[in-house]
Each structure stands twice: as C-alpha cells, then as structure tokens.
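**Q** Enclosed is the structure file entry-v5.pdb (PDB, C-alpha atoms).
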```
ATOM      1  CA  MET R   1      40.864 -58.843 -60.693
ATOM      2  CA  LEU R   2      39.030 -58.848 -57.393
ATOM      3  CA  GLY R   3      41.160 -61.757 -56.341
ATOM      4  CA  ILE R   4      44.245 -59.580 -56.152
ATOM      5  CA  VAL R   5      42.555 -56.824 -54.183
ATOM      6  CA  PRO R   6      42.941 -57.345 -50.450
ATOM      7  CA  VAL R   7      39.258 -56.806 -49.665
ATOM      8  CA  ASP R   8      39.637 -57.493 -45.974
ATOM      9  CA  ALA R   9      42.429 -54.994 -45.641
ATOM     10  CA  VAL R  10      40.388 -52.354 -47.542
ATOM     11  CA  LEU R  11      37.317 -52.928 -45.429
ATOM     12  CA  ARG R  12      39.353 -52.669 -42.256
ATOM     13  CA  ARG R  13      40.435 -49.210 -43.348
ATOM     14  CA  VAL R  14      36.882 -48.042 -44.117
ATOM     15  CA  ASP R  15      35.377 -45.765 -41.446
ATOM     16  CA  VAL R  16      31.959 -47.410 -41.251
ATOM     17  CA  GLN R  17      30.700 -44.895 -38.710
ATOM     18  CA  ALA R  18      31.547 -42.014 -41.044
ATOM     19  CA  VAL R  19      29.693 -43.745 -43.870
ATOM     20  CA  LEU R  20      26.641 -44.252 -41.668
ATOM     21  CA  ASP R  21      26.737 -40.645 -40.519
ATOM     22  CA  ARG R  22      26.487 -39.529 -44.144
ATOM     23  CA  ILE R  23      23.360 -41.577 -44.798
ATOM     24  CA  ASP R  24      20.095 -39.688 -44.261
ATOM     25  CA  LEU R  25      18.111 -42.513 -42.669
ATOM     26  CA  GLN R  26      14.953 -40.424 -42.335
ATOM     27  CA  ALA R  27      14.943 -39.713 -46.055
ATOM     28  CA  LEU R  28      15.527 -43.387 -46.699
ATOM     29  CA  ILE R  29      12.607 -44.389 -44.474
ATOM     30  CA  ASP R  30      10.361 -41.757 -46.066
ATOM     31  CA  ARG R  31      10.993 -43.393 -49.434
ATOM     32  CA  VAL R  32       9.855 -46.764 -48.178
ATOM     33  CA  ASP R  33       6.145 -47.508 -48.554
ATOM     34  CA  LEU R  34       5.536 -49.277 -45.245
ATOM     35  CA  ASN R  35       1.948 -50.121 -46.168
ATOM     36  CA  GLU R  36       3.178 -52.038 -49.161
ATOM     37  CA  VAL R  37       5.764 -53.828 -47.027
ATOM     38  CA  LEU R  38       3.204 -54.728 -44.380
ATOM     39  CA  ALA R  39       0.743 -55.894 -47.025
ATOM     40  CA  ASN R  40       3.274 -58.503 -48.026
ATOM     41  CA  VAL R  41       3.807 -59.691 -44.478
ATOM     42  CA  ASP R  42       1.942 -62.861 -43.543
ATOM     43  CA  ILE R  43       0.793 -61.980 -40.031
ATOM     44  CA  ASP R  44      -0.592 -65.476 -39.438
ATOM     45  CA  GLN R  45       2.720 -67.046 -40.272
ATOM     46  CA  LEU R  46       4.479 -64.535 -38.047
ATOM     47  CA  ALA R  47       2.103 -65.298 -35.168
ATOM     48  CA  ALA R  48       2.546 -69.024 -35.698
ATOM     49  CA  ARG R  49       6.274 -68.616 -35.204
ATOM     50  CA  LEU R  50       5.792 -66.801 -31.923
ATOM     51  CA  ASP R  51       6.157 -68.982 -28.846
ATOM     52  CA  LEU R  52       3.381 -67.367 -26.824
ATOM     53  CA  ASP R  53       3.756 -69.790 -23.930
ATOM     54  CA  ALA R  54       7.397 -68.846 -23.532
ATOM     55  CA  LEU R  55       6.451 -65.174 -23.807
ATOM     56  CA  ILE R  56       3.739 -65.479 -21.125
ATOM     57  CA  GLN R  57       6.075 -67.412 -18.860
ATOM     58  CA  ARG R  58       8.497 -64.497 -18.993
ATOM     59  CA  ILE R  59       5.796 -62.085 -17.855
ATOM     60  CA  ASP R  60       5.513 -61.613 -14.094
ATOM     61  CA  VAL R  61       1.730 -61.532 -13.803
ATOM     62  CA  ASN R  62       1.875 -61.040 -10.031
ATOM     63  CA  ALA R  63       3.959 -57.926 -10.493
ATOM     64  CA  ILE R  64       1.391 -56.566 -12.929
ATOM     65  CA  VAL R  65      -1.508 -57.403 -10.575
ATOM     66  CA  ASP R  66       0.357 -55.801  -7.675
ATOM     67  CA  ARG R  67       0.463 -52.559  -9.620
ATOM     68  CA  VAL R  68      -3.305 -52.613 -10.246
ATOM     69  CA  ASP R  69      -5.400 -50.703  -7.713
ATOM     70  CA  ILE R  70      -8.056 -53.382  -7.166
ATOM     71  CA  ASN R  71     -10.072 -51.118  -4.853
ATOM     72  CA  ALA R  72     -10.260 -48.482  -7.568
ATOM     73  CA  VAL R  73     -11.446 -51.109 -10.042
ATOM     74  CA  VAL R  74     -14.085 -52.427  -7.626
ATOM     75  CA  ASP R  75     -15.207 -48.871  -6.838
ATOM     76  CA  ARG R  76     -15.920 -48.396 -10.525
ATOM     77  CA  VAL R  77     -18.193 -51.442 -10.607
ATOM     78  CA  ASP R  78     -21.861 -50.588 -10.146
ATOM     79  CA  ILE R  79     -22.735 -53.420  -7.749
ATOM     80  CA  GLU R  80     -26.398 -52.470  -7.599
ATOM     81  CA  ASP R  81     -26.692 -52.523 -11.389
ATOM     82  CA  LEU R  82     -24.866 -55.855 -11.467
ATOM     83  CA  VAL R  83     -27.226 -57.396  -8.919
ATOM     84  CA  ALA R  84     -30.307 -55.913 -10.559
ATOM     85  CA  ARG R  85     -29.385 -57.007 -14.086
ATOM     86  CA  THR R  86     -27.793 -60.398 -13.609
ATOM     87  CA  GLU R  87     -28.586 -63.740 -12.045
ATOM     88  CA  ILE R  88     -25.787 -63.307  -9.475
ATOM     89  CA  GLY R  89     -28.013 -61.580  -6.954
ATOM     90  CA  ARG R  90     -30.794 -64.095  -7.383
ATOM     91  CA  VAL R  91     -28.439 -67.029  -6.846
ATOM     92  CA  ILE R  92     -26.995 -65.437  -3.698
ATOM     93  CA  MET R  93     -30.472 -64.539  -2.516
ATOM     94  CA  SER R  94     -31.861 -68.035  -2.885
ATOM     95  CA  SER R  95     -28.961 -69.507  -0.947
ATOM     96  CA  THR R  96     -28.604 -66.979   1.859
ATOM     97  CA  THR R  97     -31.814 -65.082   2.440
ATOM     98  CA  SER R  98     -34.586 -66.472   4.534
ATOM     99  CA  ILE R  99     -38.197 -65.381   4.657
ATOM    100  CA  ALA R 100     -37.474 -63.866   8.075
ATOM    101  CA  THR R 101     -34.737 -61.658   6.609
ATOM    102  CA  ARG R 102     -36.989 -60.487   3.809
ATOM    103  CA  THR R 103     -39.777 -59.755   6.273
ATOM    104  CA  LEU R 104     -37.359 -57.844   8.485
ATOM    105  CA  ASP R 105     -36.075 -55.840   5.499
ATOM    106  CA  ALA R 106     -39.602 -54.966   4.450
ATOM    107  CA  GLY R 107     -40.641 -54.054   7.995
ATOM    108  CA  ARG R 108     -37.614 -51.856   8.592
ATOM    109  CA  SER R 109     -37.968 -50.150   5.236
ATOM    110  CA  THR R 110     -41.625 -49.480   5.944
ATOM    111  CA  GLY R 111     -40.664 -48.014   9.342
ATOM    112  CA  VAL R 112     -38.115 -45.699   7.748
ATOM    113  CA  GLY R 113     -40.682 -44.662   5.163
ATOM    114  CA  LEU R 114     -43.212 -43.822   7.873
ATOM    115  CA  ASP R 115     -40.558 -41.902   9.812
ATOM    116  CA  GLN R 116     -39.842 -39.810   6.749
ATOM    117  CA  PHE R 117     -43.551 -39.263   6.163
ATOM    118  CA  VAL R 118     -44.057 -37.993   9.742
ATOM    119  CA  ASN R 119     -40.878 -35.882   9.567
ATOM    120  CA  ARG R 120     -42.041 -34.235   6.352
ATOM    121  CA  TRP R 121     -45.364 -33.292   7.958
ATOM    122  CA  VAL R 122     -43.677 -31.958  11.095
ATOM    123  CA  ASP R 123     -41.318 -29.867   8.933
ATOM    124  CA  ARG R 124     -44.306 -28.568   6.996
ATOM    125  CA  VAL R 125     -46.250 -27.663  10.158
ATOM    126  CA  LEU R 126     -43.211 -25.983  11.725
ATOM    127  CA  ARG R 127     -42.500 -24.256   8.394
ATOM    128  CA  ARG R 128     -38.959 -25.561   8.256
ATOM    129  CA  PRO R 129     -37.312 -25.009   4.894
ATOM    130  CA  ARG R 130     -36.691 -28.150   2.866
ATOM    131  CA  GLY R 131     -33.276 -29.747   3.008
ATOM    132  CA  THR R 132     -32.400 -28.457   6.463
ATOM    133  CA  ALA R 133     -32.722 -31.819   8.210
ATOM    134  CA  SER R 134     -29.602 -32.433  10.270
ATOM    135  CA  GLY R 135     -29.267 -36.064   9.122
ATOM    136  CA  GLY R 136     -27.257 -37.709  11.852
ATOM    137  CA  PRO R 137     -24.219 -37.409  14.096
ATOM    138  CA  ALA R 138     -21.394 -35.994  11.970
ATOM    139  CA  ARG R 139     -19.078 -38.879  12.787
ATOM    140  CA  LEU R 140     -21.548 -41.477  11.543
ATOM    141  CA  VAL R 141     -22.867 -39.612   8.522
ATOM    142  CA  ALA R 142     -19.424 -38.445   7.375
ATOM    143  CA  ALA R 143     -18.131 -42.013   7.604
ATOM    144  CA  ARG R 144     -20.568 -43.145   4.878
TER     145      ARG R 144
ATOM    146  CA  MET W   1     -51.721 -41.913  -5.204
ATOM    147  CA  THR W   2     -50.027 -45.268  -5.652
ATOM    148  CA  ARG W   3     -48.685 -47.330  -2.786
ATOM    149  CA  ARG W   4     -45.583 -49.411  -3.159
ATOM    150  CA  LYS W   5     -45.975 -52.971  -2.010
ATOM    151  CA  ASN W   6     -42.253 -53.379  -1.378
ATOM    152  CA  PRO W   7     -40.598 -50.166  -0.214
ATOM    153  CA  GLU W   8     -37.075 -49.947  -1.565
ATOM    154  CA  PRO W   9     -34.574 -49.615   1.288
ATOM    155  CA  GLU W  10     -32.744 -46.320   1.323
ATOM    156  CA  PRO W  11     -29.041 -47.087   1.982
ATOM    157  CA  SER W  12     -27.977 -43.536   2.730
ATOM    158  CA  LEU W  13     -30.106 -43.398   5.898
ATOM    159  CA  THR W  14     -27.865 -45.697   7.921
ATOM    160  CA  GLY W  15     -26.373 -43.639  10.763
ATOM    161  CA  HIS W  16     -29.080 -40.967  10.550
ATOM    162  CA  TYR W  17     -31.339 -39.982  13.444
ATOM    163  CA  ALA W  18     -34.174 -42.473  13.854
ATOM    164  CA  GLY W  19     -37.672 -41.052  13.529
ATOM    165  CA  PRO W  20     -40.695 -41.301  15.833
ATOM    166  CA  VAL W  21     -42.434 -44.284  14.218
ATOM    167  CA  THR W  22     -39.508 -46.697  14.374
ATOM    168  CA  ARG W  23     -38.714 -45.589  17.928
ATOM    169  CA  LEU W  24     -42.322 -46.120  18.995
ATOM    170  CA  VAL W  25     -42.413 -49.578  17.411
ATOM    171  CA  SER W  26     -39.096 -50.474  19.050
ATOM    172  CA  TYR W  27     -40.378 -49.325  22.442
ATOM    173  CA  ALA W  28     -43.644 -51.256  22.002
ATOM    174  CA  ILE W  29     -41.698 -54.448  21.272
ATOM    175  CA  ASP W  30     -39.478 -53.885  24.318
ATOM    176  CA  ALA W  31     -42.455 -53.080  26.569
ATOM    177  CA  PHE W  32     -44.061 -56.359  25.541
ATOM    178  CA  LEU W  33     -40.873 -58.369  25.879
ATOM    179  CA  VAL W  34     -39.856 -56.952  29.255
ATOM    180  CA  SER W  35     -43.210 -58.005  30.750
ATOM    181  CA  ALA W  36     -43.405 -61.327  28.937
ATOM    182  CA  LEU W  37     -39.850 -62.323  29.869
ATOM    183  CA  PHE W  38     -40.424 -61.280  33.488
ATOM    184  CA  SER W  39     -43.465 -63.524  33.638
ATOM    185  CA  ILE W  40     -41.575 -66.412  32.059
ATOM    186  CA  VAL W  41     -38.529 -65.995  34.312
ATOM    187  CA  THR W  42     -40.590 -65.694  37.535
ATOM    188  CA  ALA W  43     -42.738 -68.662  36.541
ATOM    189  CA  GLY W  44     -39.570 -70.650  35.941
ATOM    190  CA  LEU W  45     -38.135 -69.596  39.307
ATOM    191  CA  PHE W  46     -41.330 -70.560  41.162
ATOM    192  CA  TRP W  47     -41.294 -73.905  39.395
ATOM    193  CA  LEU W  48     -37.687 -74.504  40.461
ATOM    194  CA  ILE W  49     -38.409 -73.488  44.081
ATOM    195  CA  GLU W  50     -41.438 -75.776  44.178
ATOM    196  CA  LEU W  51     -39.308 -78.558  42.750
ATOM    197  CA  VAL W  52     -36.670 -78.114  45.440
ATOM    198  CA  THR W  53     -38.896 -77.420  48.468
ATOM    199  CA  GLY W  54     -41.968 -79.406  47.519
ATOM    200  CA  ASN W  55     -44.254 -76.506  48.552
ATOM    201  CA  ASN W  56     -46.627 -74.549  46.297
ATOM    202  CA  TYR W  57     -45.866 -70.827  45.720
ATOM    203  CA  ASP W  58     -47.321 -68.118  43.489
ATOM    204  CA  ALA W  59     -46.667 -64.412  42.819
ATOM    205  CA  SER W  60     -48.875 -63.239  45.713
ATOM    206  CA  ASP W  61     -46.515 -64.918  48.177
ATOM    207  CA  VAL W  62     -43.713 -62.504  47.224
ATOM    208  CA  GLY W  63     -45.592 -59.387  48.337
ATOM    209  CA  GLY W  64     -46.584 -56.289  46.343
ATOM    210  CA  LEU W  65     -43.649 -54.098  47.345
ATOM    211  CA  LEU W  66     -40.960 -56.711  46.798
ATOM    212  CA  GLY W  67     -42.621 -57.805  43.575
ATOM    213  CA  GLY W  68     -42.637 -54.175  42.388
ATOM    214  CA  ILE W  69     -38.987 -53.676  43.280
ATOM    215  CA  LEU W  70     -38.042 -56.888  41.516
ATOM    216  CA  PHE W  71     -39.991 -55.833  38.434
ATOM    217  CA  LEU W  72     -38.322 -52.400  38.390
ATOM    218  CA  ALA W  73     -34.911 -54.030  38.776
ATOM    219  CA  TRP W  74     -35.791 -56.379  35.935
ATOM    220  CA  ILE W  75     -36.820 -53.445  33.712
ATOM    221  CA  PHE W  76     -33.555 -51.673  34.493
ATOM    222  CA  LEU W  77     -31.507 -54.770  33.702
ATOM    223  CA  TYR W  78     -33.471 -55.500  30.523
ATOM    224  CA  PHE W  79     -32.797 -52.046  29.089
ATOM    225  CA  TRP W  80     -29.410 -51.288  30.638
ATOM    226  CA  GLY W  81     -27.633 -54.610  30.005
ATOM    227  CA  PRO W  82     -28.038 -54.961  26.236
ATOM    228  CA  MET W  83     -27.700 -51.228  25.568
ATOM    229  CA  ALA W  84     -24.495 -51.024  27.614
ATOM    230  CA  ALA W  85     -23.076 -54.088  25.880
ATOM    231  CA  TRP W  86     -24.266 -53.673  22.294
ATOM    232  CA  GLY W  87     -25.957 -50.256  22.157
ATOM    233  CA  ARG W  88     -29.386 -51.761  21.501
ATOM    234  CA  THR W  89     -32.207 -53.654  23.157
ATOM    235  CA  LEU W  90     -33.991 -56.579  21.541
ATOM    236  CA  GLY W  91     -36.724 -54.286  20.226
ATOM    237  CA  MET W  92     -34.139 -51.899  18.802
ATOM    238  CA  THR W  93     -32.337 -54.818  17.147
ATOM    239  CA  ILE W  94     -35.518 -55.965  15.452
ATOM    240  CA  VAL W  95     -36.365 -52.481  14.176
ATOM    241  CA  GLY W  96     -32.719 -51.719  13.349
ATOM    242  CA  LEU W  97     -31.841 -48.908  15.750
ATOM    243  CA  GLU W  98     -28.785 -48.164  17.865
ATOM    244  CA  LEU W  99     -28.125 -45.922  20.834
ATOM    245  CA  VAL W 100     -25.007 -43.780  20.393
ATOM    246  CA  ARG W 101     -23.496 -40.724  22.025
ATOM    247  CA  ARG W 102     -24.641 -37.422  20.600
ATOM    248  CA  ASP W 103     -21.411 -37.159  18.603
ATOM    249  CA  GLY W 104     -21.984 -40.638  17.152
ATOM    250  CA  ASP W 105     -19.422 -42.437  19.302
ATOM    251  CA  ARG W 106     -20.150 -45.694  21.121
ATOM    252  CA  VAL W 107     -22.184 -45.217  24.269
ATOM    253  CA  GLY W 108     -20.812 -46.278  27.666
ATOM    254  CA  ALA W 109     -22.512 -48.118  30.523
ATOM    255  CA  GLY W 110     -22.747 -44.945  32.633
ATOM    256  CA  ARG W 111     -24.632 -42.961  30.029
ATOM    257  CA  VAL W 112     -26.964 -45.899  29.431
ATOM    258  CA  ALA W 113     -27.674 -46.079  33.185
ATOM    259  CA  ILE W 114     -28.526 -42.345  33.256
ATOM    260  CA  ARG W 115     -30.784 -42.802  30.246
ATOM    261  CA  VAL W 116     -32.660 -45.754  31.738
ATOM    262  CA  ILE W 117     -33.043 -44.106  35.164
ATOM    263  CA  THR W 118     -34.286 -40.796  33.705
ATOM    264  CA  PHE W 119     -36.592 -42.514  31.212
ATOM    265  CA  PRO W 120     -39.611 -42.356  33.597
ATOM    266  CA  ILE W 121     -39.233 -38.560  33.848
ATOM    267  CA  SER W 122     -40.222 -38.297  30.190
ATOM    268  CA  PHE W 123     -43.433 -40.146  31.136
ATOM    269  CA  LEU W 124     -44.067 -38.248  34.367
ATOM    270  CA  LEU W 125     -44.135 -34.897  32.532
ATOM    271  CA  LEU W 126     -47.391 -35.992  30.879
ATOM    272  CA  GLY W 127     -45.376 -37.456  28.051
ATOM    273  CA  LEU W 128     -43.890 -34.084  27.163
ATOM    274  CA  GLY W 129     -40.427 -35.581  27.532
ATOM    275  CA  PHE W 130     -41.032 -37.445  24.288
ATOM    276  CA  ILE W 131     -42.049 -34.387  22.281
ATOM    277  CA  GLY W 132     -38.453 -33.891  21.172
ATOM    278  CA  ILE W 133     -38.589 -37.206  19.282
ATOM    279  CA  LEU W 134     -41.400 -35.812  17.159
ATOM    280  CA  LEU W 135     -40.410 -32.173  16.812
ATOM    281  CA  GLY W 136     -36.656 -32.016  17.374
ATOM    282  CA  ARG W 137     -34.180 -32.041  14.516
ATOM    283  CA  GLU W 138     -32.172 -34.765  16.274
ATOM    284  CA  HIS W 139     -35.279 -36.603  17.512
ATOM    285  CA  ARG W 140     -34.015 -36.722  21.093
ATOM    286  CA  ALA W 141     -36.280 -37.369  24.061
ATOM    287  CA  LEU W 142     -35.704 -35.738  27.446
ATOM    288  CA  HIS W 143     -33.880 -38.823  28.750
ATOM    289  CA  ASP W 144     -31.616 -38.642  25.686
ATOM    290  CA  VAL W 145     -30.787 -35.047  26.578
ATOM    291  CA  PHE W 146     -29.987 -36.070  30.170
ATOM    292  CA  ALA W 147     -27.697 -38.880  29.016
ATOM    293  CA  GLY W 148     -26.173 -37.054  26.027
ATOM    294  CA  THR W 149     -27.325 -39.773  23.651
ATOM    295  CA  THR W 150     -29.287 -40.155  20.462
ATOM    296  CA  ILE W 151     -30.738 -43.035  18.467
ATOM    297  CA  VAL W 152     -29.785 -43.759  14.865
ATOM    298  CA  TYR W 153     -30.705 -46.236  12.164
ATOM    299  CA  ALA W 154     -28.176 -49.045  12.358
ATOM    300  CA  TRP W 155     -29.368 -51.874  10.144
ATOM    301  CA  ASP W 156     -27.466 -52.887   7.057
ATOM    302  CA  ALA W 157     -29.656 -51.012   4.632
ATOM    303  CA  ARG W 158     -27.204 -51.492   1.766
ATOM    304  CA  ALA W 159     -27.397 -55.278   2.035
ATOM    305  CA  ALA W 160     -31.169 -55.001   2.264
ATOM    306  CA  ARG W 161     -31.195 -52.841  -0.855
ATOM    307  CA  LEU W 162     -29.128 -55.405  -2.767
ATOM    308  CA  ARG W 163     -31.497 -58.146  -1.606
ATOM    309  CA  PHE W 164     -34.413 -55.997  -2.748
ATOM    310  CA  LEU W 165     -32.860 -55.382  -6.169
ATOM    311  CA  ALA W 166     -32.098 -59.088  -6.605
ATOM    312  CA  LEU W 167     -35.621 -60.084  -5.596
ATOM    313  CA  ASN W 168     -37.221 -57.585  -7.946
ATOM    314  CA  ARG W 169     -34.922 -58.307 -10.901
ATOM    315  CA  THR W 170     -37.588 -60.065 -12.911
ATOM    316  CA  ALA W 171     -40.092 -57.302 -12.249
ATOM    317  CA  ARG W 172     -37.888 -54.706 -14.017
TER     318      ARG W 172
END
```
Could you write out this structure as structure tokens?

**A**
Amino acid sequence: MLGIVPVDAVLRRVDVQAVLDRIDLQALIDRVDLNEVLANVDIDQLAARLDLDALIQRIDVNAIVDRVDINAVVDRVDIEDLVARTEIGRVIMSSTTSIATRTLDAGRSTGVGLDQFVNRWVDRVLRRPRGTASGGPARLVAAR
Amino acid sequence: MTRRKNPEPEPSLTGHYAGPVTRLVSYAIDAFLVSALFSIVTAGLFWLIELVTGNNYDASDVGGLLGGILFLAWIFLYFWGPMAAWGRTLGMTIVGLELVRRDGDRVGAGRVAIRVITFPISFLLLGLGFIGILLGREHRALHDVFAGTTIVYAWDARAARLRFLALNRTAR
C-alpha cells in the first residue's frame, strides 16, 4: 500500500515550519523529567569522549590573561600575611638579608619608635589634641 | 610595662617628618665622620707630599687660619655635596632620612647651600634654632626655615617590615 504512495512528493508538500509552529515545545520540555534523563547519562563515558587537548588548543589563553587585571589580583593578595605565614619570606630572607641589614632595620625602627615617644610627650606638654600631627609633606604622604 | 626586643617597623611612616631623636643620631654620625674623614684625607695628603718632596710635614705647618678655612670648606663640601646630589648625607643614609623641599619635592643645590651656610646660626642662637625640631609640627630647625626644606623618613620601611615578619614567623 505504502509502496504506491509517493512519500517523497507528499513530504515535499508538507509545510514543516507550520507543523513546528503548532508544537508547544515548552509544554513538551515540561513533560520531560530531565533528572531522570541525566541519571541515565554516563558522565565518565561522555568525558572520555571529549578531546580536552583539542579543546584547550582552541582556547586563546593569552587573550584570557590579557583581559585579567593582574594588578587588581596582586592588590588583593595580603603580602604581609603571605610572608608571615609561609616559608617564602624565610627563604628570601636567608638568601638576601645580611646581618648588617637586619641591624640597620632594627636601629632605624628603634629610632622611629623613640621619635614617636618624644613627639607624644611634647604633644602632651603642649596640650595638643591627639591625632593632629601633620604627618609629612602632602606630596609624599599622599603618594603612599 | 613590657619592652619589645625587636620593634616592628611601621611602613606608613615613610615620607613623614623625621623626629628629633633620629635627626640627632644622624647629626652625631655626620659630626664624627666629617672630622674623621678630614683627618684621614689630610694625613693622606701629607703622606703624598712627603713622598714627592722627601720633606717631613705635619698639620702645624699649614697654619691655624688656613687649617681652619680648609676645615670649614671641608665641612661645607661634606654636607652640601651629598645632600645636593642625593638629598642625604652619610649619617642621614644610615639612619634613613632625606632632605626635601617643604612641599616634598626634590631639593636643589641652591637650597642645600643655604641650609648648610645658615646651619651655624641655629647653634649661635644658644641652640634655640633647633627648638623647632623638638616642638614644631613639621620638626624644622631654623636653617630648614631659611632654606625652605624639611627632613623626612626615607628608608624602605615596607621591605624592613616584610623582613621582620619573615624573621619572626616561627615566633608567631
């Protein structure tokens, strides 16, 4: 029976677009239980079929890196915490810092501490309110 | 009251007005060095002259007045040269200070010359020229006022702080 029906000719005359327009795809999708579908999917097998190397080769890593604001990333890193909590600082220290540098650091820090001590007493004697110290030249202090 | 063995460097003080203690220490170092280097240089010169001429000379042969003038010229050069070139003397470098203009800009050779020449005035007024370092908000001496300069902390306190934190890592 079907043999005498010109299927190709019939199909050519079908308005496929009109048929598709009449289908409520949303309703169709709502009837599908995606969780059940996904539960049947073998993710491992799917991943095994992916050619990750080819995928990575198609990615322009430089273009991605160019779009990253490295300075903003570095600004978010707490360098002091990093140095204080890791071995990085110690390794750098042992290779770059001499006893003379450490002595100089300690001496200078002590000097600054004594300066602040004297300044506090002068402010107290002159009855200057706290927090009114002028700091430094605006150009230098604002730059930091 | 507890005393800290290792004072933690304060990074935010870089560029701030230097206080009286560090300035006094810096001056003491320079006062020692200017005399010591003068002695070494003159001794070296006498040795060279003796080597060339074959005669024996010592400081008394130069004469008090000429010797005084030479010493004053040496003092001027010692303070003016490095401060005009780098904004700091050897003593200031050790303590970590820098001479800048009052607005924080780099100081020129002319201002440094005024500062060095007027420096003795601060002494001649019974030391009252230095009172501003102790009492003033900007810690400026009279010769700083004349030259329109000020002295600030200039050492890399942030690097020192990182070194301090690294050194004391195990103690935390």

**Q** How many Å separate CA of Arg120 (chain R) from CA of Ile131 (chain W)?

**A**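 Between these atoms lies a distance of 15.9 Å.
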
**Q** Would you write out, as a ChimeraX atom specification, every residue that the PyMOL selection byres ((chain W and resi 23) around 12) captures in this file?

**A** /R:108,111-112,114-115 /W:17-22,24-30,88-89,91-99,130,133-134,139-141,150-153

**Q** What is the distance, in Å and to one decimal place, between CA of Ala85 (chain W) and CA of Gly108 (chain W)?

**A**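 CA of Gly108 (chain W) lies at a distance of 8.3 Å from CA of Ala85 (chain W).
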
**Q** Could you pull the residues within 12 Å of Val125 (chain R), counting only C-alpha atoms, minus those fewer than 6 positions along the same chain, as a list in words?

**A**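 My list of contacting residues is Val118 and Asn119 of chain R; Leu134 and Leu135 of chain W.
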
**Q** Could you check the closest approach to chain R for each of W:Gly15, W:Gly148, W:Gly44, W:Gly63 and tell me which residue wins, using all atoms listed in the file?

**A**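 Comparing W:Gly15, W:Gly148, W:Gly44, W:Gly63 against chain R, the winner is W:Gly15.
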
**Q** Taking the file as shown, find all residues satisfying the ChimeraX specification (/W :<6) & /R and write them as a list in words.

**A**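 Here the ChimeraX specification (/W :<6) & /R matches Val83, Ala84, Gly89, Arg90, Asp105, Arg108, Ser109, Gly111, Asp115, Gly135, Gly136, Pro137, Arg139, Leu140 and Val141 of chain R.
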
**Q** For the atom pair CA of Leu142 (chain W) and CA of Ile114 (chain W), what is the interatomic distance in Å to one decimal place?

**A**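 So the answer is 11.4 Å.
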
**Q** Report as a list in words the residues that result from applying the PyMOL selection byres ((chain W and resi 118) around 10) to the structure here.

**A**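 Output of the PyMOL selection byres ((chain W and resi 118) around 10): Val112, Ala113, Ile114, Arg115, Val116, Ile117, Phe119, Pro120, Ile121, Ser122, Phe123, Leu142, His143, Asp144, Val145, Phe146 and Ala147 of chain W.
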
**Q** Within 8 Å of Val34 (chain W), counting only C-alpha atoms, which residues show up once you throw out same-chain ones fewer than 4 positions away? Write them as a ChimeraX atom specification, please.

**A** /W:30,38,74-75,78

**Q** Atoms to include: C-alpha atoms. Write the selected residues as a PDB file, in the frame of the given file.

**A**
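What landed in selection.pdb:
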```pdb
ATOM      1  CA  ASP W  30     -39.478 -53.885  24.318  1.00  0.00           C
ATOM      2  CA  PHE W  38     -40.424 -61.280  33.488  1.00  0.00           C
ATOM      3  CA  TRP W  74     -35.791 -56.379  35.935  1.00  0.00           C
ATOM      4  CA  ILE W  75     -36.820 -53.445  33.712  1.00  0.00           C
ATOM      5  CA  TYR W  78     -33.471 -55.500  30.523  1.00  0.00           C
TER       6      TYR W  78
END
```

**Q** Adding 8 Å on each side of the box along x, y and z that holds all listed atoms of region 67-74 of chain R, could you give its centre and edge lengths in Å to one decimal, as JSON?

**A**
```
{"center_x": -6.8, "center_y": -50.9, "center_z": -7.5, "size_x": 30.5, "size_y": 20.9, "size_z": 21.4}
```

**Q** Take region 65-77 of chain W, bring it up to N, CA and C atoms, and give me the output as an mmCIF file, in the frame of the given file.

**A**
```
data_model
loop_
_atom_site.group_PDB
_atom_site.id
_atom_site.type_symbol
_atom_site.label_atom_id
_atom_site.label_comp_id
_atom_site.auth_asym_id
_atom_site.auth_seq_id
_atom_site.Cartn_x
_atom_site.Cartn_y
_atom_site.Cartn_z
ATOM 1 N N LEU W 65 -44.800 -55.000 47.369
ATOM 2 C CA LEU W 65 -43.649 -54.098 47.345
ATOM 3 C C LEU W 65 -42.414 -54.782 46.753
ATOM 4 N N LEU W 66 -42.135 -55.973 47.286
ATOM 5 C CA LEU W 66 -40.960 -56.711 46.798
ATOM 6 C C LEU W 66 -41.114 -57.076 45.322
ATOM 7 N N GLY W 67 -42.342 -57.473 44.986
ATOM 8 C CA GLY W 67 -42.621 -57.805 43.575
ATOM 9 C C GLY W 67 -42.384 -56.598 42.678
ATOM 10 N N GLY W 68 -42.827 -55.415 43.156
ATOM 11 C CA GLY W 68 -42.637 -54.175 42.388
ATOM 12 C C GLY W 68 -41.165 -53.836 42.229
ATOM 13 N N ILE W 69 -40.437 -53.979 43.334
ATOM 14 C CA ILE W 69 -38.987 -53.676 43.280
ATOM 15 C C ILE W 69 -38.268 -54.626 42.318
ATOM 16 N N LEU W 70 -38.655 -55.898 42.412
ATOM 17 C CA LEU W 70 -38.042 -56.888 41.516
ATOM 18 C C LEU W 70 -38.352 -56.577 40.053
ATOM 19 N N PHE W 71 -39.597 -56.153 39.812
ATOM 20 C CA PHE W 71 -39.991 -55.833 38.434
ATOM 21 C C PHE W 71 -39.218 -54.617 37.917
ATOM 22 N N LEU W 72 -39.081 -53.594 38.794
ATOM 23 C CA LEU W 72 -38.322 -52.400 38.390
ATOM 24 C C LEU W 72 -36.850 -52.754 38.117
ATOM 25 N N ALA W 73 -36.306 -53.600 38.978
ATOM 26 C CA ALA W 73 -34.911 -54.030 38.776
ATOM 27 C C ALA W 73 -34.773 -54.794 37.462
ATOM 28 N N TRP W 74 -35.788 -55.618 37.180
ATOM 29 C CA TRP W 74 -35.791 -56.379 35.935
ATOM 30 C C TRP W 74 -35.843 -55.440 34.726
ATOM 31 N N ILE W 75 -36.709 -54.420 34.816
ATOM 32 C CA ILE W 75 -36.820 -53.445 33.712
ATOM 33 C C ILE W 75 -35.469 -52.764 33.492
ATOM 34 N N PHE W 76 -34.854 -52.350 34.604
ATOM 35 C CA PHE W 76 -33.555 -51.673 34.493
ATOM 36 C C PHE W 76 -32.544 -52.590 33.801
ATOM 37 N N LEU W 77 -32.482 -53.833 34.281
ATOM 38 C CA LEU W 77 -31.507 -54.770 33.702
ATOM 39 C C LEU W 77 -31.806 -55.059 32.227
#
```
